[in-house]
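A quick write-up on the structure given underneath.
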Amino acid sequence: MTRLTINSAAVLLLTLTLSLAASPTTSDNPEAVAKSFLRAAYAHDAAQFNNLVFPRAGSSVLLSTETVAKDRLAEIETETSSLRLKQLQPFRQHGEVVGLGSDGAYPDGATTRYETAFEGNLTVISLVKKEGRWLVDVRWWLKLREMSLRDGKTRPEEKELLIKTFLLNLLRLNKRAVSESLVPGADLDIVFEGAPRVPEPSDVLPSLAIEMPLVEAEADEVYPLLSGKLVKKNAAGDETVMVGLFGPFEMVFQLRRVKGEWRIAPEPYYRIINR
């Protein structure tokens, strides 16, 4: 891959949120938008890339400035045009499933997520619609890049460390350690629902937990938990929502501040782990 290449830290997982203005005379086609963005990204088309990304500030670090040869551009055009995408998440608005409106378009705030394999790389493409346009949300990608640049002395911030420690202990079936990451009085049966009788012997699942990019939700974002509850960051600052990508799958965590420390609300996370 390129430094979109992406920086081989962002390697197995490219998380993007894409967008294109929808003409009132055409259907709202997020799959076509996903292909257009990948074409611009791999062609190192800075103008198109910058027109699509959100947030724009700081996102240029994801795009290589190297010139792409004409024959390579032709390959990219052919390959992106024939890409097959699999929808991982239904269209949602404010955390709830939503469909096309009477105008043949999805409403502002709608989101979805696709998976595709491009040139041997698993690519997860997240889309969100803002102000009538599908915009590229590169937050998870930027997080992957930040993680790749950490040295051995750099510790993850508190919320990321909490979540990843919790998941590793969950995979080890260490109930005592898991309970220390949860809010007081949490029901352990919820988080161990669907857990195996013995820990998975391979390092695949622990690696997915360690490498998972986590992004804190914005104040206006609403996400559904596995239990069906809709959650968002509160104004007081003592409840927040962290959204990770465990492989291609969205994993949402509701965190609460308890006696000055963050703790996790219990959810049946093995429903995702077991996929």
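Note on naming: chains are A, B, ... as they come in the structure tokens, residues start from 1 per chain, ligands start from 1 in the order shown.
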**Request:** Go through stretch 75-272 of chain A and collect every residue that DSSP, computed from the backbone, puts in strand (DSSP E); the answer should be as a PyMOL selection string.
**Result:** chain A and resi 86-93+96-97+111-118+121-130+133-137+214-216+223-224+230-231+239-246+249-258+261-264
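Residues surrounding A:Lys232 within 9 Å are Ala217, Glu218, Ala219, Asp220, Glu221, Val222, Tyr223, Leu230, Asn234, Glu239, Thr240, Val241 and Gln254 of chain A [only C-alpha atoms; sequence separation below 2 positions excluded].
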What would the file look like if the residues just selected were written as a short mmCIF file (atom, residue, chain, number, x, y, z; two decimals), in the first residue's frame with N, CA, C and O atoms?
```
data_model
loop_
_atom_site.label_atom_id
_atom_site.label_comp_id
_atom_site.auth_asym_id
_atom_site.auth_seq_id
_atom_site.Cartn_x
_atom_site.Cartn_y
_atom_site.Cartn_z
N ALA A 217 -16.52 9.39 20.68
CA ALA A 217 -17.63 9.96 19.94
C ALA A 217 -17.76 11.45 20.20
O ALA A 217 -17.47 11.93 21.30
N GLU A 218 -18.18 12.18 19.17
CA GLU A 218 -18.46 13.60 19.34
C GLU A 218 -19.76 13.78 20.12
O GLU A 218 -20.56 12.85 20.25
N ALA A 219 -19.98 14.98 20.63
CA ALA A 219 -21.14 15.24 21.49
C ALA A 219 -22.47 15.00 20.79
O ALA A 219 -23.46 14.65 21.43
N ASP A 220 -22.50 15.17 19.45
CA ASP A 220 -23.76 15.01 18.72
C ASP A 220 -23.94 13.62 18.13
O ASP A 220 -24.92 13.35 17.45
N GLU A 221 -23.01 12.71 18.39
CA GLU A 221 -23.09 11.36 17.83
C GLU A 221 -23.81 10.42 18.80
O GLU A 221 -23.58 10.45 20.00
N VAL A 222 -24.66 9.55 18.24
CA VAL A 222 -25.39 8.56 19.02
C VAL A 222 -25.05 7.18 18.46
O VAL A 222 -25.09 6.97 17.24
N TYR A 223 -24.73 6.25 19.34
CA TYR A 223 -24.38 4.89 18.92
C TYR A 223 -25.24 3.87 19.67
O TYR A 223 -25.56 4.05 20.84
N LEU A 230 -29.32 3.18 23.23
CA LEU A 230 -28.65 4.24 22.48
C LEU A 230 -27.89 5.14 23.45
O LEU A 230 -28.44 5.56 24.46
N ASN A 234 -22.14 12.68 27.46
CA ASN A 234 -22.98 13.66 28.13
C ASN A 234 -22.24 14.99 28.34
O ASN A 234 -21.02 15.08 28.24
N GLU A 239 -19.72 10.82 31.49
CA GLU A 239 -20.09 9.66 30.68
C GLU A 239 -19.64 9.94 29.25
O GLU A 239 -19.83 11.05 28.74
N THR A 240 -19.02 8.94 28.63
CA THR A 240 -18.58 9.13 27.25
C THR A 240 -18.74 7.83 26.49
O THR A 240 -19.06 6.78 27.07
N VAL A 241 -18.52 7.89 25.18
CA VAL A 241 -18.67 6.73 24.32
C VAL A 241 -17.40 6.60 23.48
O VAL A 241 -16.96 7.56 22.85
N GLN A 254 -19.57 2.19 26.44
CA GLN A 254 -20.04 3.32 27.24
C GLN A 254 -19.20 3.36 28.51
O GLN A 254 -19.12 2.38 29.25
#
```
**Prompt:** Could you state the separation of atom CA of A:Val191 and atom CA of A:Glu267 in Å, given to one decimal place?
**Reply:** 5.4 Å
**Complete:** Using only C-alpha atoms, the best pick from A:Leu122, A:Gly101, A:Ala265, A:Val61 as closest to A:Asp187 would be A:Ala265
**Prompt:** Which neighbours of A:Arg256 fall inside 6 Å, counting only C-alpha atoms, when residues of the same chain fewer than 6 positions from it are skipped, and could you give them as a VMD selection string?
**Reply:** chain A and resid 238 to 239 262 to 263
Give the helix (DSSP H, G or I) residues of stretch 74-172 of chain A, as assigned by DSSP on the backbone, as a PDB file with C-alpha atoms, in the first residue's frame.
```
ATOM      1  CA  ALA A  74      -5.221   2.936 -15.259  1.00  0.00           C
ATOM      2  CA  GLU A  75      -4.918  -0.138 -13.017  1.00  0.00           C
ATOM      3  CA  ILE A  76      -6.426   1.749 -10.086  1.00  0.00           C
ATOM      4  CA  GLU A  77      -9.310   2.951 -12.243  1.00  0.00           C
ATOM      5  CA  THR A  78     -10.068  -0.592 -13.427  1.00  0.00           C
ATOM      6  CA  GLU A  79      -9.726  -2.198 -10.004  1.00  0.00           C
ATOM      7  CA  THR A  80     -11.836   0.333  -8.093  1.00  0.00           C
ATOM      8  CA  SER A  81     -14.574   0.237 -10.744  1.00  0.00           C
ATOM      9  CA  ARG A 139     -10.680   9.481  12.536  1.00  0.00           C
ATOM     10  CA  TRP A 140      -9.994   5.749  12.913  1.00  0.00           C
ATOM     11  CA  TRP A 141      -7.349   5.921  10.247  1.00  0.00           C
ATOM     12  CA  LEU A 142      -5.646   8.832  11.990  1.00  0.00           C
ATOM     13  CA  LYS A 143      -5.769   6.858  15.224  1.00  0.00           C
ATOM     14  CA  LEU A 144      -4.065   3.905  13.533  1.00  0.00           C
ATOM     15  CA  ARG A 145      -1.332   6.222  12.305  1.00  0.00           C
ATOM     16  CA  GLU A 146      -0.890   7.723  15.772  1.00  0.00           C
ATOM     17  CA  MET A 147      -0.597   4.226  17.238  1.00  0.00           C
ATOM     18  CA  SER A 148       2.049   3.287  14.650  1.00  0.00           C
ATOM     19  CA  GLU A 158      -6.485   6.306  29.995  1.00  0.00           C
ATOM     20  CA  LYS A 159      -9.675   5.308  28.160  1.00  0.00           C
ATOM     21  CA  GLU A 160      -7.863   3.347  25.454  1.00  0.00           C
ATOM     22  CA  LEU A 161      -5.730   1.541  28.028  1.00  0.00           C
ATOM     23  CA  LEU A 162      -8.806   0.682  30.102  1.00  0.00           C
ATOM     24  CA  ILE A 163     -10.715  -0.798  27.155  1.00  0.00           C
ATOM     25  CA  LYS A 164      -7.826  -2.832  25.787  1.00  0.00           C
ATOM     26  CA  THR A 165      -6.905  -4.159  29.230  1.00  0.00           C
ATOM     27  CA  PHE A 166     -10.550  -5.107  29.747  1.00  0.00           C
ATOM     28  CA  LEU A 167     -10.722  -6.968  26.418  1.00  0.00           C
ATOM     29  CA  LEU A 168      -7.485  -8.856  27.024  1.00  0.00           C
ATOM     30  CA  ASN A 169      -8.720  -9.976  30.445  1.00  0.00           C
ATOM     31  CA  LEU A 170     -12.079 -10.897  28.921  1.00  0.00           C
ATOM     32  CA  LEU A 171     -10.321 -13.097  26.349  1.00  0.00           C
TER      33      LEU A 171
END
```
**Request:** Have a look at A:Pro199, A:Pro248, A:Pro268, A:Pro206 and name the one nearest to A:Ala186; count only C-alpha atoms.
**Result:**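 Using only C-alpha atoms, A:Ala186 sits closest to A:Pro268.
Take atom CA of A:Leu62 and atom CA of A:Ala43: the distance between them is 12.7 Å.
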**Asked** Could you work out how far atom CA of A:Arg172 lies from atom CA of A:Arg197, giving the answer in Å with one decimal?
**Response**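 For atom CA of A:Arg197 relative to atom CA of A:Arg172, the distance reads 10.4 Å.
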**Prompt:** Which is closest to A:Lys175 among A:Ser202, A:Leu245, A:Phe192, A:Thr154, if we use only C-alpha atoms?
**Reply:**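 Closest to A:Lys175, using only C-alpha atoms: A:Phe192.
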